[in-house]
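**Student:** Can you keep this structure in mind? I'll have questions shortly.
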Amino acid sequence: MQEFILASNLQPGDKMPTEPELAEKYDVSRQVIREAARLLDQRGLVEIRAGRGMTVSKLGTEGVTDIYRLLLRFQPENFSELMEIRKILEPGIARLAAQRRTDSDVEEMQTILDDAAANLDDFEKCLALDLAFHHKVSESTKNGLLARLAEPINSALRDMYKEPTAYLAAQPRTLDEHRNILEAISRSDPEAAAAATQWHLSRIVDEGGDLVPRNRSLSATASPA
């Protein structure tokens, strides 16, 4: 059935053939089709709803994010390793965003930073806006796979930030660094955008305050991103 979805070029939201039709196509019992459908549902490839049958799912990053969350929970030393991945990946994302961004992308990023500036004392809002900014930079590359690579890593890492006081204390500096990234992207300067992002991520790893409780990370310290 997974091969059928790929071979038929079905798109998210498209309806799959009915259970009897699939059973006839593959010459198997309806019970076999039902079990296969259940497995595809668990993998997030299809959605099964009573009265609507089976439809192709929109592939998201939730499953990947969950894997990273489990890694961080049971092997917290992976925190610093995921941060290293960000330092490799995100400068390139910023470079491409500077080349491909639209005026609308710049406006959306500016709105996110304006909201962040107005909520510097709100831990949950700052955390959400922090993630939103980096996600919008990824979206601005117009490369959906890049966004899907970066988003689950950032989402999982932010789940580790459990020290509101330290996080909020670092927010003014984080906001300034985000503004530097946006300024470079807005003037379509790829190298400056990459350099500003590299500086930002290096500061997070090397100079940040402790945001991850000691019992959750062996040695990782980081500031908000």
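By convention here, the chains of the structure tokens are called A, B, ... in the order presented, each chain's residues are numbered starting at 1, and ligands are numbered starting at 1 in the order presented.
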Write out as a VMD selection string the residues lying within 9 Å of Gly53 of chain A, counting only C-alpha atoms and excluding same-chain residues fewer than 4 positions away.
**Tutor:** chain A and resid 15 to 19 47 to 49
**Student:** Suppose we keep N, CA and C atoms; can you now write the selection as a PDB file, in the first residue's frame?
**Tutor:**
ATOM      1  N   LYS A  15      -8.121  10.670  -1.379  1.00  0.00           N
ATOM      2  CA  LYS A  15      -8.714   9.467  -0.805  1.00  0.00           C
ATOM      3  C   LYS A  15      -8.058   8.230  -1.388  1.00  0.00           C
ATOM      4  N   MET A  16      -7.830   7.263  -0.520  1.00  0.00           N
ATOM      5  CA  MET A  16      -7.338   5.962  -0.951  1.00  0.00           C
ATOM      6  C   MET A  16      -8.513   5.122  -1.441  1.00  0.00           C
ATOM      7  N   PRO A  17      -8.237   4.095  -2.249  1.00  0.00           N
ATOM      8  CA  PRO A  17      -9.303   3.153  -2.608  1.00  0.00           C
ATOM      9  C   PRO A  17      -9.903   2.524  -1.355  1.00  0.00           C
ATOM     10  N   THR A  18     -11.100   2.016  -1.485  1.00  0.00           N
ATOM     11  CA  THR A  18     -11.773   1.413  -0.337  1.00  0.00           C
ATOM     12  C   THR A  18     -11.096   0.101   0.054  1.00  0.00           C
ATOM     13  N   GLU A  19     -11.426  -0.365   1.239  1.00  0.00           N
ATOM     14  CA  GLU A  19     -10.873  -1.621   1.735  1.00  0.00           C
ATOM     15  C   GLU A  19     -11.154  -2.786   0.782  1.00  0.00           C
ATOM     16  N   GLU A  47      -4.477   8.800   7.066  1.00  0.00           N
ATOM     17  CA  GLU A  47      -5.411   9.067   8.155  1.00  0.00           C
ATOM     18  C   GLU A  47      -6.654   8.228   7.922  1.00  0.00           C
ATOM     19  N   ILE A  48      -7.123   7.580   8.975  1.00  0.00           N
ATOM     20  CA  ILE A  48      -8.320   6.754   8.882  1.00  0.00           C
ATOM     21  C   ILE A  48      -9.386   7.367   9.774  1.00  0.00           C
ATOM     22  N   ARG A  49     -10.512   7.714   9.180  1.00  0.00           N
ATOM     23  CA  ARG A  49     -11.610   8.309   9.930  1.00  0.00           C
ATOM     24  C   ARG A  49     -12.911   7.608   9.583  1.00  0.00           C
TER      25      ARG A  49
END
**Student:** Name the residues in contact with segment 102-116 of chain A at a cut-off of 12 Å, using only C-alpha atoms, excluding same-chain residues fewer than 3 positions from it; report them as a VMD selection string.
**Tutor:** chain A and resid 96 to 99 119 to 142 168 171 to 188
**Student:** I'd like the interatomic distance between atom CA of Pro190 of chain A and atom CA of Ala94 of chain A, to a tenth of an Å.
**Tutor:** 7.0 Å
**Student:** List as a list in words the protein and nucleic acid residues near Ser57 of chain A, meaning an atom at most 10 Å away when only C-alpha atoms are counted, but skip any in the same chain fewer than 4 places from it.
**Tutor:**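 Here the answer would be Leu10, Gln11, Pro12, Gly13, Asp14, Lys15, Leu40, Asp41, Arg43, Gly44, Leu45, Val46, Glu47 and Ile48 of chain A.
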**Student:** List the neighbours of Trp199 of chain A out to 10 Å using only C-alpha atoms; skip same-chain residues closer than 5 positions along the sequence, and give me the result as a CSV table (one decimal) with C-alpha atoms, in the first residue's frame.
**Tutor:**
chain,number,residue,atom,x,y,z
A,87,LYS,CA,26.0,25.3,13.8
A,91,PRO,CA,24.3,29.4,8.5
A,177,GLU,CA,21.4,38.8,17.2
A,181,ILE,CA,20.4,38.0,10.9
A,193,ALA,CA,23.4,36.4,7.0
A,194,ALA,CA,25.5,33.2,7.4
A,204,ILE,CA,24.6,30.1,22.4
**Student:** One decimal, Å: what's the distance from atom CA of Leu201 of chain A over to atom CA of Gly92 of chain A, could you say?
**Tutor:** 12.6 Å
**Student:** Considering only C-alpha atoms, can you say which of A:Ile33, A:Ala118, A:Phe4, A:Leu149 comes closest to Ile88 of chain A?
**Tutor:** A:Leu149
